[in-house]
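Asker: Contents of target_29.cif (mmCIF, C-alpha atoms and all ligand atoms) are given next:
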data_structure
#
loop_
_atom_site.label_atom_id
_atom_site.label_comp_id
_atom_site.auth_asym_id
_atom_site.auth_seq_id
_atom_site.Cartn_x
_atom_site.Cartn_y
_atom_site.Cartn_z
CA MET Q 29 -30.24 -40.20 -16.65
CA LEU Q 30 -28.45 -42.21 -13.99
CA PHE Q 31 -25.31 -41.16 -12.18
CA LYS Q 32 -23.67 -44.37 -13.28
CA ASP Q 33 -24.10 -43.46 -16.95
CA ILE Q 34 -21.84 -40.45 -16.47
CA PRO Q 35 -18.14 -41.30 -16.49
CA GLY Q 36 -15.96 -40.11 -13.61
CA ASN Q 37 -17.05 -37.23 -11.40
CA LYS Q 38 -17.12 -39.56 -8.40
CA LYS Q 39 -16.67 -36.88 -5.79
CA ILE Q 40 -19.48 -34.64 -7.04
CA LYS Q 41 -21.86 -37.57 -7.37
CA LYS Q 42 -21.12 -38.57 -3.81
CA GLU Q 43 -21.70 -35.05 -2.55
CA LEU Q 44 -24.95 -34.67 -4.45
CA ILE Q 45 -26.24 -37.98 -3.16
CA SER Q 46 -25.32 -37.27 0.43
CA SER Q 47 -26.91 -33.82 0.24
CA VAL Q 48 -30.19 -35.51 -0.72
CA ASP Q 49 -29.79 -38.20 1.95
CA ASN Q 50 -29.13 -35.53 4.57
CA LYS Q 51 -31.95 -33.33 3.27
CA ARG Q 52 -29.60 -30.42 2.63
CA ILE Q 53 -31.17 -29.49 -0.66
CA SER Q 54 -30.49 -25.96 -1.74
CA HIS Q 55 -33.42 -24.37 -3.59
CA ALA Q 56 -31.18 -22.66 -6.16
CA GLN Q 57 -28.05 -24.32 -7.47
CA LEU Q 58 -25.74 -23.59 -10.33
CA PHE Q 59 -23.84 -26.43 -11.99
CA LEU Q 60 -20.81 -24.80 -13.49
CA GLY Q 61 -18.48 -26.53 -15.96
CA GLY Q 62 -16.78 -26.23 -19.33
CA GLU Q 63 -18.30 -27.09 -22.68
CA GLY Q 64 -18.61 -30.85 -23.08
CA SER Q 65 -18.27 -31.51 -19.34
CA ALA Q 66 -20.77 -33.46 -17.26
CA LYS Q 67 -22.63 -30.42 -15.92
CA LEU Q 68 -25.97 -30.96 -17.67
CA ALA Q 69 -25.89 -34.73 -17.26
CA LEU Q 70 -25.17 -34.35 -13.55
CA ALA Q 71 -27.92 -31.77 -13.13
CA ILE Q 72 -30.47 -34.08 -14.75
CA SER Q 73 -29.38 -37.17 -12.84
CA TYR Q 74 -29.47 -35.17 -9.63
CA ALA Q 75 -33.01 -33.97 -10.37
CA GLN Q 76 -34.03 -37.55 -11.17
CA PHE Q 77 -32.45 -38.79 -7.94
CA LEU Q 78 -34.28 -36.13 -5.93
CA ASN Q 79 -37.59 -37.39 -7.22
CA CYS Q 80 -36.91 -41.11 -7.43
CA GLU Q 81 -39.46 -43.06 -5.41
CA ASN Q 82 -37.03 -45.79 -4.56
CA ARG Q 83 -33.62 -44.22 -4.25
CA GLY Q 84 -30.65 -46.51 -3.87
CA GLN Q 85 -27.44 -45.72 -2.06
CA THR Q 86 -25.62 -44.62 -5.16
CA ASP Q 87 -28.27 -43.98 -7.79
CA SER Q 88 -31.91 -43.64 -8.80
CA CYS Q 89 -33.87 -46.86 -9.21
CA ASP Q 90 -34.46 -46.29 -12.93
CA ILE Q 91 -37.83 -48.06 -12.88
CA CYS Q 92 -40.23 -46.09 -10.67
CA ALA Q 93 -42.89 -43.91 -12.30
CA SER Q 94 -40.83 -40.78 -11.73
CA CYS Q 95 -37.64 -42.28 -13.15
CA LEU Q 96 -39.44 -43.48 -16.25
CA LYS Q 97 -40.68 -39.97 -16.92
CA TYR Q 98 -37.27 -38.52 -16.22
CA LYS Q 99 -35.75 -40.97 -18.66
CA LYS Q 100 -37.83 -39.36 -21.38
CA LEU Q 101 -37.05 -35.92 -19.94
CA ALA Q 102 -40.81 -35.53 -19.91
CA HIS Q 103 -41.75 -35.40 -16.25
CA PRO Q 104 -44.59 -32.90 -15.76
CA ASP Q 105 -42.67 -31.32 -12.88
CA LEU Q 106 -39.45 -30.90 -14.81
CA PHE Q 107 -39.27 -27.65 -16.76
CA PHE Q 108 -36.48 -26.85 -19.16
CA VAL Q 109 -35.54 -23.30 -19.91
CA PHE Q 110 -32.95 -22.70 -22.62
CA PRO Q 111 -31.90 -20.16 -25.25
CA VAL Q 112 -34.24 -19.94 -28.22
CA LEU Q 113 -34.39 -18.07 -31.51
CA LYS Q 114 -36.99 -15.81 -33.02
CA THR Q 115 -38.18 -17.84 -35.96
CA THR Q 116 -41.85 -17.83 -36.86
CA ILE Q 117 -42.76 -17.00 -33.28
CA LYS Q 118 -42.27 -13.37 -32.34
CA THR Q 119 -41.91 -13.84 -28.61
CA PRO Q 120 -40.54 -17.35 -28.26
CA VAL Q 121 -40.16 -19.28 -25.03
CA SER Q 122 -38.62 -22.69 -24.39
CA ASP Q 123 -41.99 -24.45 -24.40
CA ASN Q 124 -42.26 -23.68 -28.11
CA PHE Q 125 -39.22 -25.87 -28.77
CA ILE Q 126 -39.40 -28.42 -25.98
CA PHE Q 127 -39.87 -31.48 -28.21
CA GLU Q 128 -36.85 -30.59 -30.30
CA PHE Q 129 -34.85 -29.79 -27.18
CA ARG Q 130 -35.60 -33.10 -25.47
CA LYS Q 131 -34.58 -35.00 -28.54
CA PHE Q 132 -31.46 -32.92 -28.89
CA ILE Q 133 -30.35 -33.50 -25.30
CA LYS Q 134 -31.18 -37.20 -25.29
CA ASN Q 135 -29.02 -37.60 -28.33
CA ASN Q 136 -25.99 -36.16 -26.52
CA TYR Q 137 -26.05 -35.06 -22.88
CA TYR Q 138 -22.67 -33.37 -23.32
CA THR Q 139 -23.65 -31.21 -26.25
CA SER Q 140 -23.10 -27.49 -26.65
CA LEU Q 141 -25.05 -24.30 -27.17
CA ASP Q 142 -23.53 -23.93 -30.65
CA GLU Q 143 -24.85 -27.34 -31.61
CA TRP Q 144 -28.29 -26.40 -30.35
CA ILE Q 145 -28.31 -23.19 -32.33
CA ASP Q 146 -26.98 -25.05 -35.41
CA SER Q 147 -29.88 -27.47 -35.11
CA PHE Q 148 -32.25 -24.66 -36.13
CA GLY Q 149 -30.61 -24.82 -39.56
CA LYS Q 150 -32.28 -22.69 -42.18
CA GLN Q 151 -34.83 -21.40 -39.71
CA ASN Q 152 -32.06 -19.21 -38.36
CA LYS Q 153 -31.86 -16.80 -41.27
CA THR Q 154 -30.23 -13.93 -39.43
CA GLY Q 155 -27.47 -15.77 -37.58
CA GLN Q 156 -29.05 -15.44 -34.13
CA LYS Q 157 -27.09 -16.86 -31.22
CA GLY Q 158 -30.03 -17.65 -28.95
CA LYS Q 159 -31.43 -15.87 -25.95
CA ILE Q 160 -33.64 -16.48 -22.98
CA TYR Q 161 -36.16 -13.70 -23.50
CA LYS Q 162 -38.10 -11.87 -20.86
CA ASP Q 163 -41.33 -13.71 -21.71
CA GLU Q 164 -39.63 -16.80 -20.36
CA ALA Q 165 -39.61 -15.27 -16.90
CA ASP Q 166 -43.35 -14.57 -17.15
CA ASN Q 167 -43.86 -18.15 -18.27
CA ILE Q 168 -41.96 -19.48 -15.26
CA HIS Q 169 -44.00 -17.30 -12.92
CA LYS Q 170 -47.18 -18.64 -14.47
CA LYS Q 171 -46.11 -22.25 -14.03
CA ILE Q 172 -45.01 -21.75 -10.50
CA ARG Q 173 -48.36 -20.43 -9.44
CA LEU Q 174 -49.76 -23.91 -9.99
CA LYS Q 175 -49.15 -26.72 -7.54
CA ASN Q 176 -46.70 -29.50 -8.37
CA TYR Q 177 -48.42 -32.17 -10.45
CA GLU Q 178 -47.02 -35.14 -8.63
CA ALA Q 179 -43.37 -34.71 -7.73
CA LYS Q 180 -42.05 -33.76 -4.35
CA TYR Q 181 -39.55 -31.50 -6.02
CA ARG Q 182 -40.50 -29.53 -9.07
CA VAL Q 183 -37.32 -28.74 -10.97
CA ILE Q 184 -36.78 -25.71 -13.17
CA LEU Q 185 -33.61 -26.38 -15.09
CA ILE Q 186 -32.17 -23.34 -16.83
CA TRP Q 187 -29.56 -24.36 -19.39
CA MET Q 188 -27.11 -21.57 -20.27
CA PRO Q 189 -28.53 -18.89 -17.95
CA GLU Q 190 -25.77 -16.61 -19.26
CA LYS Q 191 -28.05 -16.15 -22.26
CA MET Q 192 -30.79 -14.56 -20.19
CA GLU Q 193 -31.66 -11.01 -21.09
CA THR Q 194 -31.12 -8.67 -18.15
CA ARG Q 195 -34.87 -8.24 -17.99
CA THR Q 196 -35.30 -11.99 -17.68
CA SER Q 197 -32.73 -12.19 -14.90
CA ASN Q 198 -34.27 -9.32 -13.01
CA LYS Q 199 -37.70 -10.84 -13.19
CA LEU Q 200 -36.39 -14.10 -11.72
CA LEU Q 201 -34.40 -12.68 -8.82
CA LYS Q 202 -37.13 -12.87 -6.28
CA LEU Q 203 -38.11 -16.39 -7.31
CA LEU Q 204 -34.53 -17.59 -7.09
CA GLU Q 205 -34.28 -16.12 -3.64
CA GLU Q 206 -37.43 -17.66 -2.38
CA PRO Q 207 -39.09 -20.23 -4.61
CA PRO Q 208 -42.32 -21.85 -3.45
CA VAL Q 209 -41.89 -24.91 -1.25
CA GLY Q 210 -41.10 -27.94 -3.40
CA THR Q 211 -39.57 -25.95 -6.27
CA ILE Q 212 -35.88 -26.10 -7.03
CA PHE Q 213 -33.95 -24.08 -9.56
CA ILE Q 214 -30.98 -25.73 -11.21
CA LEU Q 215 -28.92 -23.49 -13.44
CA VAL Q 216 -26.40 -25.11 -15.78
CA SER Q 217 -23.77 -22.68 -16.93
CA GLU Q 218 -20.40 -22.42 -18.63
CA ASN Q 219 -19.53 -18.88 -17.72
CA THR Q 220 -20.44 -17.08 -14.53
CA ASP Q 221 -18.75 -13.88 -15.74
CA LYS Q 222 -21.76 -13.31 -17.93
CA LEU Q 223 -24.25 -13.72 -15.10
CA LEU Q 224 -25.52 -10.85 -12.99
CA ALA Q 225 -23.95 -10.69 -9.55
CA THR Q 226 -27.45 -10.61 -8.14
CA ILE Q 227 -28.12 -14.03 -9.70
CA LEU Q 228 -24.81 -15.47 -8.53
CA SER Q 229 -25.37 -14.36 -4.98
CA ARG Q 230 -28.60 -16.33 -4.90
CA VAL Q 231 -27.30 -19.71 -6.05
CA GLN Q 232 -25.14 -22.39 -4.56
CA ILE Q 233 -22.38 -23.27 -7.02
CA VAL Q 234 -21.55 -26.87 -7.87
CA LYS Q 235 -18.24 -26.92 -9.75
CA VAL Q 236 -17.94 -29.62 -12.39
CA HIS Q 237 -14.43 -30.44 -13.59
CA ASP Q 238 -13.46 -31.46 -17.11
CA PHE Q 239 -13.45 -35.15 -17.91
CA THR Q 240 -10.14 -36.89 -17.37
CA GLU Q 241 -8.50 -39.16 -19.90
CA ALA Q 242 -9.59 -42.18 -17.86
CA ASP Q 243 -13.21 -40.94 -17.87
CA ILE Q 244 -13.19 -40.58 -21.64
CA LEU Q 245 -11.58 -43.97 -22.21
CA SER Q 246 -14.09 -45.65 -19.91
CA TYR Q 247 -17.01 -43.92 -21.63
CA PHE Q 248 -16.06 -45.44 -24.97
CA SER Q 249 -14.75 -48.73 -23.60
CA ASP Q 250 -17.48 -50.80 -25.32
CA GLU Q 251 -16.86 -49.36 -28.74
CA LYS Q 252 -13.48 -50.87 -29.55
CA LEU Q 253 -11.99 -47.56 -30.52
CA GLU Q 254 -8.30 -46.95 -30.62
CA VAL Q 255 -7.02 -45.57 -27.36
CA ASP Q 256 -4.62 -43.32 -29.21
CA MET Q 257 -7.32 -41.79 -31.32
CA LEU Q 258 -9.39 -41.11 -28.19
CA ARG Q 259 -6.42 -39.54 -26.45
CA GLN Q 260 -5.89 -37.28 -29.40
CA LEU Q 261 -9.52 -36.32 -29.60
CA LYS Q 262 -9.43 -35.55 -25.89
CA ASN Q 263 -6.50 -33.20 -26.38
CA LEU Q 264 -7.88 -31.65 -29.52
CA THR Q 265 -11.31 -30.96 -28.06
CA LYS Q 266 -9.97 -30.00 -24.62
CA SER Q 267 -11.78 -32.95 -22.99
CA ASN Q 268 -15.10 -32.05 -24.57
CA LEU Q 269 -17.03 -35.30 -24.38
CA GLY Q 270 -19.93 -33.93 -26.38
CA ARG Q 271 -17.69 -33.09 -29.27
CA ILE Q 272 -15.83 -36.39 -29.11
CA SER Q 273 -19.08 -38.40 -29.15
CA GLN Q 274 -20.33 -36.39 -32.05
CA LEU Q 275 -17.14 -36.90 -34.02
CA ILE Q 276 -17.15 -40.60 -33.37
CA ASN Q 277 -20.83 -41.30 -33.86
CA GLN Q 278 -21.34 -39.31 -36.98
CA GLU Q 279 -18.17 -39.97 -38.81
CA ALA Q 280 -15.83 -42.69 -37.73
CA SER Q 281 -18.29 -45.49 -38.21
CA ASN Q 282 -18.95 -44.89 -41.87
CA VAL Q 283 -15.72 -43.41 -43.03
CA ASP Q 284 -12.53 -45.07 -44.02
CA LEU Q 285 -10.09 -42.47 -42.87
CA PHE Q 286 -7.15 -44.54 -43.97
CA GLU Q 287 -8.20 -44.57 -47.64
CA GLN Q 288 -8.80 -40.82 -47.70
CA TYR Q 289 -5.65 -40.01 -45.83
CA SER Q 290 -3.28 -42.29 -47.72
CA ALA Q 291 -4.62 -41.05 -51.06
CA TRP Q 292 -4.14 -37.43 -49.99
CA VAL Q 293 -0.57 -38.00 -48.80
CA ARG Q 294 0.34 -39.72 -52.08
CA GLN Q 295 -1.08 -36.82 -54.05
CA CYS Q 296 0.92 -34.37 -51.96
CA TYR Q 297 4.07 -36.37 -52.45
CA LYS Q 298 3.56 -36.56 -56.21
CA LEU Q 299 2.71 -32.86 -56.35
CA ASP Q 300 -0.46 -33.82 -58.19
CA ILE Q 301 -2.34 -30.52 -57.97
CA GLN Q 302 -5.26 -31.71 -60.01
CA GLU Q 303 -6.00 -34.65 -57.76
CA ILE Q 304 -5.37 -32.57 -54.65
CA SER Q 305 -7.90 -30.06 -55.83
CA LYS Q 306 -10.47 -32.85 -56.20
CA THR Q 307 -9.65 -34.22 -52.77
CA THR Q 308 -9.91 -30.84 -51.07
CA ASP Q 309 -13.29 -30.29 -52.74
CA GLU Q 310 -14.44 -33.62 -51.44
CA ILE Q 311 -13.22 -32.99 -47.90
CA SER Q 312 -14.67 -29.50 -47.78
CA ARG Q 313 -18.10 -30.86 -48.70
CA LYS Q 314 -18.07 -33.27 -45.78
CA GLY Q 315 -18.50 -30.84 -42.92
CA ARG Q 316 -16.56 -29.84 -39.87
CA ASN Q 317 -16.81 -33.09 -37.96
CA PHE Q 318 -15.27 -35.13 -40.71
CA GLN Q 319 -12.60 -32.53 -41.32
CA GLN Q 320 -11.50 -32.54 -37.71
CA LEU Q 321 -11.48 -36.30 -37.57
CA PHE Q 322 -9.45 -36.44 -40.75
CA LEU Q 323 -6.87 -34.04 -39.34
CA SER Q 324 -6.72 -35.89 -36.01
CA TYR Q 325 -6.12 -39.05 -37.95
CA ALA Q 326 -3.35 -37.36 -39.94
CA ILE Q 327 -1.64 -36.41 -36.68
CA LYS Q 328 -1.94 -39.95 -35.42
CA MET Q 329 -0.31 -41.29 -38.59
CA ILE Q 330 2.60 -38.87 -38.33
CA ARG Q 331 3.21 -40.06 -34.78
CA GLU Q 332 3.05 -43.67 -35.90
CA CYS Q 333 5.67 -42.87 -38.52
CA LEU Q 334 7.99 -41.54 -35.83
CA ILE Q 335 7.51 -44.66 -33.76
CA TYR Q 336 8.15 -46.75 -36.83
CA ASN Q 337 11.36 -44.84 -37.55
CA PHE Q 338 12.81 -44.25 -34.17
CA SER Q 339 11.25 -46.50 -31.60
CA ASP Q 340 10.15 -49.98 -30.74
CA LYS Q 341 7.78 -51.21 -33.46
CA ASP Q 342 5.81 -53.09 -30.80
CA LEU Q 343 4.52 -49.72 -29.72
CA LEU Q 344 2.74 -49.18 -33.03
CA LYS Q 345 -1.02 -48.99 -32.79
CA THR Q 346 -1.82 -49.64 -36.39
CA THR Q 347 -3.87 -51.96 -38.52
CA LYS Q 348 -2.16 -54.20 -41.11
CA LYS Q 349 -3.11 -51.80 -43.90
CA GLU Q 350 -1.70 -48.87 -41.99
CA GLU Q 351 1.52 -50.67 -41.22
CA SER Q 352 2.21 -51.52 -44.83
CA PHE Q 353 1.56 -47.88 -45.69
CA LEU Q 354 4.10 -46.85 -43.04
CA VAL Q 355 6.78 -48.97 -44.65
CA ASN Q 356 6.72 -46.69 -47.68
CA PHE Q 357 5.69 -43.44 -46.06
CA SER Q 358 7.80 -43.33 -42.90
CA PRO Q 359 11.14 -42.48 -44.60
CA PHE Q 360 9.65 -39.09 -45.46
CA ILE Q 361 8.75 -38.24 -41.87
CA HIS Q 362 11.68 -37.43 -39.64
CA GLU Q 363 13.22 -35.03 -37.15
CA LYS Q 364 13.35 -32.16 -39.65
CA ASN Q 365 9.70 -32.04 -40.65
CA SER Q 366 7.50 -34.01 -38.24
CA VAL Q 367 7.03 -31.22 -35.71
CA LEU Q 368 6.21 -28.72 -38.45
CA ILE Q 369 3.68 -31.05 -40.05
CA VAL Q 370 1.93 -31.74 -36.76
CA GLU Q 371 1.86 -28.01 -36.02
CA ARG Q 372 0.23 -27.29 -39.38
CA LEU Q 373 -2.34 -30.03 -38.78
CA GLU Q 374 -3.14 -28.76 -35.30
CA GLU Q 375 -3.49 -25.18 -36.55
CA SER Q 376 -5.88 -26.44 -39.21
CA ILE Q 377 -8.06 -28.07 -36.58
CA GLN Q 378 -8.19 -24.80 -34.66
CA SER Q 379 -9.08 -22.91 -37.84
CA ILE Q 380 -11.93 -25.30 -38.54
CA ASN Q 381 -13.18 -24.69 -35.02
CA ARG Q 382 -13.26 -21.03 -35.91
CA ASN Q 383 -15.26 -21.71 -39.08
CA ALA Q 384 -12.48 -21.15 -41.61
CA ASN Q 385 -13.23 -21.81 -45.26
CA ALA Q 386 -12.46 -25.52 -45.53
CA LYS Q 387 -11.68 -25.52 -49.23
CA ILE Q 388 -9.01 -22.86 -48.95
CA LEU Q 389 -7.71 -24.31 -45.74
CA PHE Q 390 -7.23 -27.83 -47.09
CA PHE Q 391 -5.72 -26.57 -50.30
CA GLU Q 392 -3.16 -24.48 -48.44
CA LEU Q 393 -2.48 -27.32 -46.06
CA SER Q 394 -1.81 -29.58 -49.04
CA LEU Q 395 0.66 -27.09 -50.49
CA GLN Q 396 2.50 -26.96 -47.20
CA MET Q 397 2.44 -30.70 -46.94
CA MET Q 398 4.00 -30.99 -50.43
CA LYS Q 399 6.84 -28.76 -49.32
CA LEU Q 400 7.34 -30.42 -45.96
CA LEU Q 401 7.42 -33.93 -47.40
CA LYS Q 402 10.38 -32.88 -49.55
CA VAL Q 403 12.44 -31.62 -46.64
CA LYS Q 404 15.69 -33.57 -46.58
CA ARG Q 405 16.98 -35.29 -43.53
CA LYS Q 406 20.09 -33.93 -41.93
CA PHE Q 407 21.54 -37.31 -41.12
CA ALA Q 408 21.47 -40.39 -43.21
CA VAL Q 409 19.31 -43.22 -41.97
CA LYS Q 410 21.13 -45.90 -40.02
ZN ZN Q 501 -36.77 -44.20 -9.37
#
Now that the file is in, can you turn its structure into structure tokens?

Answerer:
Amino acid sequence: MLFKDIPGNKKIKKELISSVDNKRISHAQLFLGGEGSAKLALAISYAQFLNCENRGQTDSCDICASCLKYKKLAHPDLFFVFPVLKTTIKTPVSDNFIFEFRKFIKNNYYTSLDEWIDSFGKQNKTGQKGKIYKDEADNIHKKIRLKNYEAKYRVILIWMPEKMETRTSNKLLKLLEEPPVGTIFILVSENTDKLLATILSRVQIVKVHDFTEADILSYFSDEKLEVDMLRQLKNLTKSNLGRISQLINQEASNVDLFEQYSAWVRQCYKLDIQEISKTTDEISRKGRNFQQLFLSYAIKMIRECLIYNFSDKDLLKTTKKEESFLVNFSPFIHEKNSVLIVERLEESIQSINRNANAKILFFELSLQMMKLLKVKRKFAVK
């Protein structure tokens, strides 16, 4: 991972680079940031930069032996520690899942703990949330007794240290305080409230801010996505780049949101319960990512209607198909119902985040939509 692959975060990158250049490298650091921020990506690019054999002024070289191994996240002196589940292994440690974890991270450097736990799928029969068990601490001690294979700086990267059992934390305290020469601990956390004070007092904190709108737009600049859609996704996900990438990669490319959405709105308008029931079944089968994208799209279309009705049509960000749909649909969206509709749609997105039953949710939403589309305007149209 190179610094340049991570959007924004200029100030932190600069500070990290100059700390390496000035040899002020703290042996225990904690990268702290919200879900979907750059914290893990920055931690990995920092570790790569530390070990790059041909460091540039602003980034790793990307081609030396160390960089090539870092690219695969498979450098022998880079250890990942992360929450795991008890599946077939009674006393699991990260090494048992390292291949899956590397693949998981490489797929999305801004991903979340929930996604990682979800990736266990049916293996997680009891709804475990993941922990870093005490055996992990023993494993780290064992590894640290050996010399570094080849790197100047061996990096032990602990992702989500807040998931450490107290026993794990306690067993690591001394190591965090005084690791062997050439070993650096990098903790990557979302919540320091859940960390023992004794851990916190031993690490230097690197605060990572949420991505800005400009960061998110620049990240997707090659993909010809609608700026408006990205803005909405940014707001809806609270700047969570991991979530936005996931939504876009998995769904937008192979889904015609317009067809689904326009059909649904027509059914609501015609009060066609039978068809609505079919549509809600279909949507509920498609999974959370699609559902959120669908709802974000619905919000976008309501806003476009308002622009169409009340503002300069040059401001519309619509395709030809969408615009011809607006001609018929926009008279039904106005000052009396638009805010309510958008509120319902936004609430639905939040409910999906909280794992609501999608079938019930979309059915109820459709009923509300039917009612709201029939709300009469107070004033006649000009
Ligand atoms: Zn290099």

Asker: Would you mind reading off the distance between atom CA of Q:Tyr336 and atom CA of Q:Ser366, one decimal, in Å?

Answerer: 12.8 Å

Asker: Within 8 Å of ligand ZN 501 (chain Q) (counting all atoms listed in the file), which residues show up? I'd like them as a list in words.

Answerer: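 So the residues close to ligand ZN 501 (chain Q) are Gln76, Phe77, Asn79, Cys80, Glu81, Asn82, Arg83, Ser88, Cys89, Asp90, Ile91, Cys92, Ala93, Ser94, Cys95 and Leu96 of chain Q.
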
Asker: Residues as selected, C-alpha atoms, written as an mmCIF file, in the frame of the given file, can you do that?

Answerer:
data_model
loop_
_atom_site.group_PDB
_atom_site.id
_atom_site.type_symbol
_atom_site.label_atom_id
_atom_site.label_comp_id
_atom_site.auth_asym_id
_atom_site.auth_seq_id
_atom_site.Cartn_x
_atom_site.Cartn_y
_atom_site.Cartn_z
ATOM 1 C CA GLN Q 76 -34.030 -37.550 -11.170
ATOM 2 C CA PHE Q 77 -32.450 -38.790 -7.940
ATOM 3 C CA ASN Q 79 -37.590 -37.390 -7.220
ATOM 4 C CA CYS Q 80 -36.910 -41.110 -7.430
ATOM 5 C CA GLU Q 81 -39.460 -43.060 -5.410
ATOM 6 C CA ASN Q 82 -37.030 -45.790 -4.560
ATOM 7 C CA ARG Q 83 -33.620 -44.220 -4.250
ATOM 8 C CA SER Q 88 -31.910 -43.640 -8.800
ATOM 9 C CA CYS Q 89 -33.870 -46.860 -9.210
ATOM 10 C CA ASP Q 90 -34.460 -46.290 -12.930
ATOM 11 C CA ILE Q 91 -37.830 -48.060 -12.880
ATOM 12 C CA CYS Q 92 -40.230 -46.090 -10.670
ATOM 13 C CA ALA Q 93 -42.890 -43.910 -12.300
ATOM 14 C CA SER Q 94 -40.830 -40.780 -11.730
ATOM 15 C CA CYS Q 95 -37.640 -42.280 -13.150
ATOM 16 C CA LEU Q 96 -39.440 -43.480 -16.250
#

Asker: Might you pull out every residue within 6 Å of stretch 300-316 of chain Q, with only C-alpha atoms counted and same-chain residues fewer than 3 positions away left off, and present them as a ChimeraX atom specification?

Answerer: /Q:295,319,386-387,390

Asker: Which residue is closest to Q:Gln320? Choose from Q:Arg52, Q:Lys348, Q:Lys399, Q:Arg382 and count all atoms listed in the file.

Answerer: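 Nearest to Q:Gln320: Q:Arg382.
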
Asker: Which residues are close to stretch 255-269 of chain Q, i.e. within 10 Å by all atoms listed in the file, leaving aside same-chain residues fewer than 4 positions away? Reply as a short mmCIF file (atom, residue, chain, number, x, y, z; two decimals) with C-alpha atoms, in the frame of the given file.

Answerer:
data_model
loop_
_atom_site.label_atom_id
_atom_site.label_comp_id
_atom_site.auth_asym_id
_atom_site.auth_seq_id
_atom_site.Cartn_x
_atom_site.Cartn_y
_atom_site.Cartn_z
CA PRO Q 35 -18.14 -41.30 -16.49
CA GLY Q 62 -16.78 -26.23 -19.33
CA GLU Q 63 -18.30 -27.09 -22.68
CA GLY Q 64 -18.61 -30.85 -23.08
CA SER Q 65 -18.27 -31.51 -19.34
CA ALA Q 66 -20.77 -33.46 -17.26
CA ASN Q 136 -25.99 -36.16 -26.52
CA TYR Q 137 -26.05 -35.06 -22.88
CA TYR Q 138 -22.67 -33.37 -23.32
CA THR Q 139 -23.65 -31.21 -26.25
CA SER Q 140 -23.10 -27.49 -26.65
CA ASP Q 238 -13.46 -31.46 -17.11
CA PHE Q 239 -13.45 -35.15 -17.91
CA THR Q 240 -10.14 -36.89 -17.37
CA GLU Q 241 -8.50 -39.16 -19.90
CA ALA Q 242 -9.59 -42.18 -17.86
CA ASP Q 243 -13.21 -40.94 -17.87
CA ILE Q 244 -13.19 -40.58 -21.64
CA LEU Q 245 -11.58 -43.97 -22.21
CA TYR Q 247 -17.01 -43.92 -21.63
CA PHE Q 248 -16.06 -45.44 -24.97
CA SER Q 249 -14.75 -48.73 -23.60
CA SER Q 273 -19.08 -38.40 -29.15
CA GLN Q 274 -20.33 -36.39 -32.05
CA LEU Q 275 -17.14 -36.90 -34.02
CA ILE Q 276 -17.15 -40.60 -33.37
CA GLN Q 320 -11.50 -32.54 -37.71
CA LEU Q 321 -11.48 -36.30 -37.57
CA SER Q 324 -6.72 -35.89 -36.01
CA TYR Q 325 -6.12 -39.05 -37.95
CA ILE Q 327 -1.64 -36.41 -36.68
CA LYS Q 328 -1.94 -39.95 -35.42
CA LYS Q 345 -1.02 -48.99 -32.79
CA THR Q 346 -1.82 -49.64 -36.39
CA GLU Q 374 -3.14 -28.76 -35.30
CA ILE Q 377 -8.06 -28.07 -36.58
CA GLN Q 378 -8.19 -24.80 -34.66
CA ASN Q 381 -13.18 -24.69 -35.02
#

Asker: Centre and edge lengths, as AutoDock Vina command-line options, for the axis-aligned box enclosing every listed atom of stretch 357-366 of chain Q with 6 Å of padding on each of the six sides, in Å to one decimal?

Answerer:
--center_x 9.5 --center_y -37.7 --center_z -41.6 --size_x 19.7 --size_y 23.4 --size_z 20.9

Asker: I'd like the contact shell of Q:Ile233 - 8 Å cut-off, all atoms listed in the file, skipping same-chain residues fewer than 4 positions apart - returned as a ChimeraX atom specification.

Answerer: /Q:57-60

Asker: When distances are computed from all atoms listed in the file, which of Q:Lys349, Q:Lys114, Q:His362, Q:Lys298 shows the smallest separation from Q:Met398?

Answerer: Q:Lys298

Asker: What's around stretch 162-174 of chain Q at 8 Å? Count only C-alpha atoms, leave out sequence neighbours fewer than 2 positions away in its own chain, and write the answer as a compact mmCIF listing (two decimals) with C-alpha atoms, keeping the file's coordinate frame.

Answerer:
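Now in out-v6.txt:
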# COMPACT_ATOMS: atom_id res chain seq x y z
CA VAL Q 109 -35.54 -23.30 -19.91
CA THR Q 119 -41.91 -13.84 -28.61
CA PRO Q 120 -40.54 -17.35 -28.26
CA VAL Q 121 -40.16 -19.28 -25.03
CA SER Q 122 -38.62 -22.69 -24.39
CA ILE Q 160 -33.64 -16.48 -22.98
CA ASN Q 176 -46.70 -29.50 -8.37
CA MET Q 192 -30.79 -14.56 -20.19
CA GLU Q 193 -31.66 -11.01 -21.09
CA ARG Q 195 -34.87 -8.24 -17.99
CA THR Q 196 -35.30 -11.99 -17.68
CA SER Q 197 -32.73 -12.19 -14.90
CA LYS Q 199 -37.70 -10.84 -13.19
CA LEU Q 200 -36.39 -14.10 -11.72
CA PRO Q 208 -42.32 -21.85 -3.45

Asker: Work out how far apart atom CA of Q:Pro359 and atom CA of Q:Leu334 are and give it in Å to one decimal.

Answerer: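 Those two atoms sit 9.4 Å apart.
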
Asker: Please, what distance in Å, to one decimal, runs between atom CA of Q:Glu254 and atom CA of Q:Gly36?

Answerer: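 One can read the atom CA of Q:Glu254 to atom CA of Q:Gly36 distance as 19.9 Å.
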
Asker: Under the rule that all atoms listed in the file are counted, which of Q:Asn317, Q:Thr347, Q:Ser394, Q:Ser376 is the nearest residue to Q:Glu143?

Answerer: Q:Asn317

Asker: Of the candidates Q:Met29, Q:Ile214, Q:Val112, Q:Ala69, which shows the shortest atom-to-atom distance to Q:Lys99, using all atoms listed in the file?

Answerer: Q:Met29
